[in-house]
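Participant: One structure is given below, represented as structure tokens, and several questions about it will come after.
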Amino acid sequence: MKFYSTNRQVPHVDLADALLEGQAADRGLYMPLQVPSIADIISRAKDLSYPELAAQVLSLYADGVFSRAEMEDICADAYNFEVPVEPVIGRRHILRLDCGPSASFKDFAARFMGRALGRLVTARGRELLILTATSGDTGSAVAHAFLGVPGIRVLVLFPTDEVSDRQRRQMTTLGGNIATISVSGKFDDCQALVKRAFSDPDLSGLQLSSANSINIGRLLPQSVYYIYAASRIADIAGGEKVIISVPSGNFGNLMGGVLAFRGGLPVQKFVVATNANDEVPVFFQTEQYRKIEPSIVCLSNAMNVGHPSNLARLVDLYGGHLDEKGVLHRVPDMAAIRRDFYGVSISDDATRDTIGRVFRETGVMLEPHGAVGWAGLERFFESHPELADCPALSLETAHPAKFPDEVIRLTGTAPTLPDALKGLDALAERYDHMAVDYAAFKQILLEKYR
């Protein structure tokens, strides 16, 4: 299996090099040269455990890098928690991706990457510095997944005012090989600093990689839970199509689903639900792409992204070319995009209304990101009543306990605190602070990590 860059200016690489590099040298993002068929796996998916399914799917991409036995070991170790598919009303379900060690969907990718990269670093005898920008949950998932992994150090950048208290503490209380920097800016600023570092020749000796969704290692394992959940609510082996609503910020989560779809998962429509940062739904409607600068601060903070990196991958799959700066060089097949995707923007008021209303009517507790997804699904069915009986999933991407004040105010009920969040408030935090200044960031890297 080979991977190419969306900017198509560098040679193809195997999975090992794609994982280790993170971003291609031409600033493009790696994609599989061919998306492998999962038809045979789909025929058996409902009878497989989550680790078994993950090992079979991911082995298709890891040929020549990890053996099937190695992949089975990686997945058995990574996925030792529940993946509940919770019925809500009729054939509509919530896929709860918040039961891992950091209580967010980012655990599915981060734990795979931690174990895979750990093996590669050991085999190649080289140290690696993972640079990661986070808008909320990525940082904590990556930090927990790589904590104590020999040969790997992690540096996480987060926007000072746009992560919740518990999200920040999950990153800043670990120590060891995990370091964090609070940046006086937006997530897009943090992401830009990280991307620039990858293409800086002065830093070529640092052996940099990324655990952001610019790394293909984030997308591949995220494709698995789409197959797993769909097989639990629909006869996908018989071709029954599902509708899937994905709360979207940097679009890595959606792209995992798109890879499963391209491999053969029968999907009727992806509902692409954003908050007020609606650059992608507007692009779907108008065929004009414009970044939102600065990004808009919303209740669903992990989705406060004004220029999602992974849109370049989606555009590429549909025959277009969007570069890392947001310049659309070639328009993709917009008719096909509108056939497969339904874009919708959900306001903070609608998000709050959804959290309160769904809890009162069904007893299901959502947090802001999951509420955006559920509200998007409702909007889709309002405009497509003829599909009301189709099996549907909405992704719940973080635990409600990460946003206790808002959830309690809207539902009148305190969310149960998962083990992953217990005791955080009593731990000491340690992190640095900086302005949005690439020269200063570069100096930190050279002084502390060279």
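Identifiers in the structure tokens: chain A, B, ... in order shown; residue index from 1 per chain; ligand index from 1 in order shown.
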Excluding same-chain residues fewer than 6 positions from A:Ala350, what lies within 10 Å of it counting only C-alpha atoms, as a list in words?
Facilitator: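 Once the nearby chain positions are removed, what remains is Asn275, Ala371, Val372, Ala375 and Gly376 of chain A.
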Participant: With only C-alpha atoms as the counted atoms, please give the residues lying no more than 10 Å from A:Leu206, apart from itself and same-chain residues fewer than 2 positions off, as a list in words.
Facilitator: Glu127, Leu128, Leu129, Phe198, Asp202, Leu203, Ser204, Leu208, Ser209, Leu445, Leu446, Tyr449 and Arg450 of chain A
Participant: Which residues are near A:Arg262? Cut-off 9 Å, only C-alpha atoms, ignore same chain within fewer than 5 positions. Put them as a JSON list (two decimals) with C-alpha atoms, in the first residue's frame.
Facilitator:
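Result file selection02.json:
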```json
[["chain", "number", "residue", "atom", "x", "y", "z"],
["A", 35, "VAL", "CA", -8.75, 2.89, -1.05],
["A", 36, "PRO", "CA", -8.95, -0.89, -0.49],
["A", 37, "SER", "CA", -12.25, -2.70, -0.74],
["A", 257, "GLY", "CA", -15.95, 7.87, 7.43]]
```
Participant: If we count only C-alpha atoms and set the cut-off at 9 Å, which residues sit around stretch 217-220 of chain A, ignoring sequence neighbours fewer than 3 positions away in its own chain? Please answer as a short mmCIF file (atom, residue, chain, number, x, y, z; two decimals) with N, CA and C atoms, in the first residue's frame.
Facilitator:
```
data_model
loop_
_atom_site.label_atom_id
_atom_site.label_comp_id
_atom_site.auth_asym_id
_atom_site.auth_seq_id
_atom_site.Cartn_x
_atom_site.Cartn_y
_atom_site.Cartn_z
N LEU A 15 3.16 3.15 4.55
CA LEU A 15 2.49 3.62 5.76
C LEU A 15 3.49 4.07 6.82
N ALA A 18 4.65 7.53 5.98
CA ALA A 18 3.53 8.47 6.11
C ALA A 18 3.26 8.78 7.57
N LEU A 19 3.31 7.76 8.42
CA LEU A 19 3.11 7.98 9.85
C LEU A 19 4.22 8.82 10.45
N GLY A 22 4.15 12.56 8.99
CA GLY A 22 2.97 13.33 9.35
C GLY A 22 2.47 14.14 8.17
N VAL A 57 -9.42 -4.25 9.20
CA VAL A 57 -9.47 -3.07 8.34
C VAL A 57 -8.08 -2.44 8.21
N LEU A 58 -7.40 -2.24 9.31
CA LEU A 58 -6.12 -1.53 9.28
C LEU A 58 -5.02 -2.35 8.62
N TYR A 61 -4.18 -1.46 5.04
CA TYR A 61 -3.34 -0.29 4.77
C TYR A 61 -1.88 -0.51 5.20
N LYS A 106 -11.01 11.07 19.99
CA LYS A 106 -9.62 11.12 19.57
C LYS A 106 -8.81 9.93 20.09
N PHE A 108 -9.45 6.85 19.67
CA PHE A 108 -9.40 5.76 18.69
C PHE A 108 -8.18 5.88 17.79
N ALA A 109 -7.87 7.10 17.38
CA ALA A 109 -6.72 7.31 16.52
C ALA A 109 -5.42 7.41 17.33
N ALA A 110 -5.47 8.15 18.44
CA ALA A 110 -4.25 8.41 19.19
C ALA A 110 -3.65 7.12 19.76
N PHE A 112 -3.99 4.05 18.59
CA PHE A 112 -3.37 3.31 17.50
C PHE A 112 -2.02 3.91 17.14
N MET A 113 -1.97 5.24 16.99
CA MET A 113 -0.74 5.90 16.59
C MET A 113 0.36 5.72 17.63
N ALA A 116 1.61 2.17 17.17
CA ALA A 116 2.26 1.96 15.88
C ALA A 116 3.58 2.72 15.78
N ALA A 211 0.57 14.24 15.35
CA ALA A 211 -0.56 13.39 15.70
C ALA A 211 -1.86 14.13 15.48
N ASN A 212 -1.79 15.29 14.82
CA ASN A 212 -3.01 15.95 14.36
C ASN A 212 -3.60 15.15 13.21
N SER A 213 -4.79 15.52 12.80
CA SER A 213 -5.43 14.79 11.71
C SER A 213 -4.80 15.11 10.37
N ILE A 214 -3.74 15.92 10.32
CA ILE A 214 -2.96 16.00 9.09
C ILE A 214 -2.22 14.69 8.87
N SER A 223 -11.80 5.24 10.58
CA SER A 223 -12.74 4.65 9.63
C SER A 223 -13.42 3.43 10.23
N VAL A 224 -12.79 2.80 11.22
CA VAL A 224 -13.28 1.52 11.74
C VAL A 224 -14.61 1.68 12.46
N GLY A 252 -11.11 15.67 10.16
CA GLY A 252 -10.46 14.37 10.21
C GLY A 252 -11.45 13.26 10.49
N ASN A 253 -12.40 13.51 11.40
CA ASN A 253 -13.41 12.51 11.74
C ASN A 253 -14.24 12.15 10.51
N LEU A 254 -14.70 13.15 9.80
CA LEU A 254 -15.48 12.91 8.60
C LEU A 254 -14.67 12.11 7.58
N MET A 255 -13.39 12.46 7.41
CA MET A 255 -12.59 11.77 6.40
C MET A 255 -12.39 10.30 6.73
N GLY A 256 -12.37 9.95 8.01
CA GLY A 256 -12.34 8.53 8.36
C GLY A 256 -13.57 7.82 7.81
N GLY A 257 -14.73 8.45 7.97
CA GLY A 257 -15.95 7.87 7.43
C GLY A 257 -15.94 7.80 5.92
N LEU A 259 -13.34 7.41 3.97
CA LEU A 259 -12.50 6.29 3.56
C LEU A 259 -13.27 4.98 3.64
N ALA A 260 -14.06 4.80 4.73
CA ALA A 260 -14.89 3.60 4.83
C ALA A 260 -15.92 3.56 3.71
#
```
Participant: Quick one: residues within 10 Å of A:Gly100, only C-alpha atoms counted, chain neighbours fewer than 4 positions away excluded, as JSON, numbers by chain?
Facilitator: {"A": [78, 79, 80, 81, 82, 83, 104, 105, 106, 107, 108, 111, 141, 398, 399, 418, 419, 420]}
Participant: So, with only C-alpha atoms as the atoms that count, which of A:Leu147, A:Ile408, A:Leu117, A:Val13 lies closest to A:Gln170?
Facilitator: A:Leu147
Participant: What does the distance between atom CA of A:Asp40 and atom CA of A:Thr397 come to in Å, to one decimal place?
Facilitator: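 Atom-to-atom, atom CA of A:Asp40 and atom CA of A:Thr397 are spaced 28.2 Å apart.
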Participant: Report as a list in words all protein, DNA and RNA residues lying within 7 Å of A:Phe341, evaluated on only C-alpha atoms, omitting residues in the same chain fewer than 4 positions from it.
Facilitator: Lys269, Phe270, Val271, Val272 and Ile337 of chain A
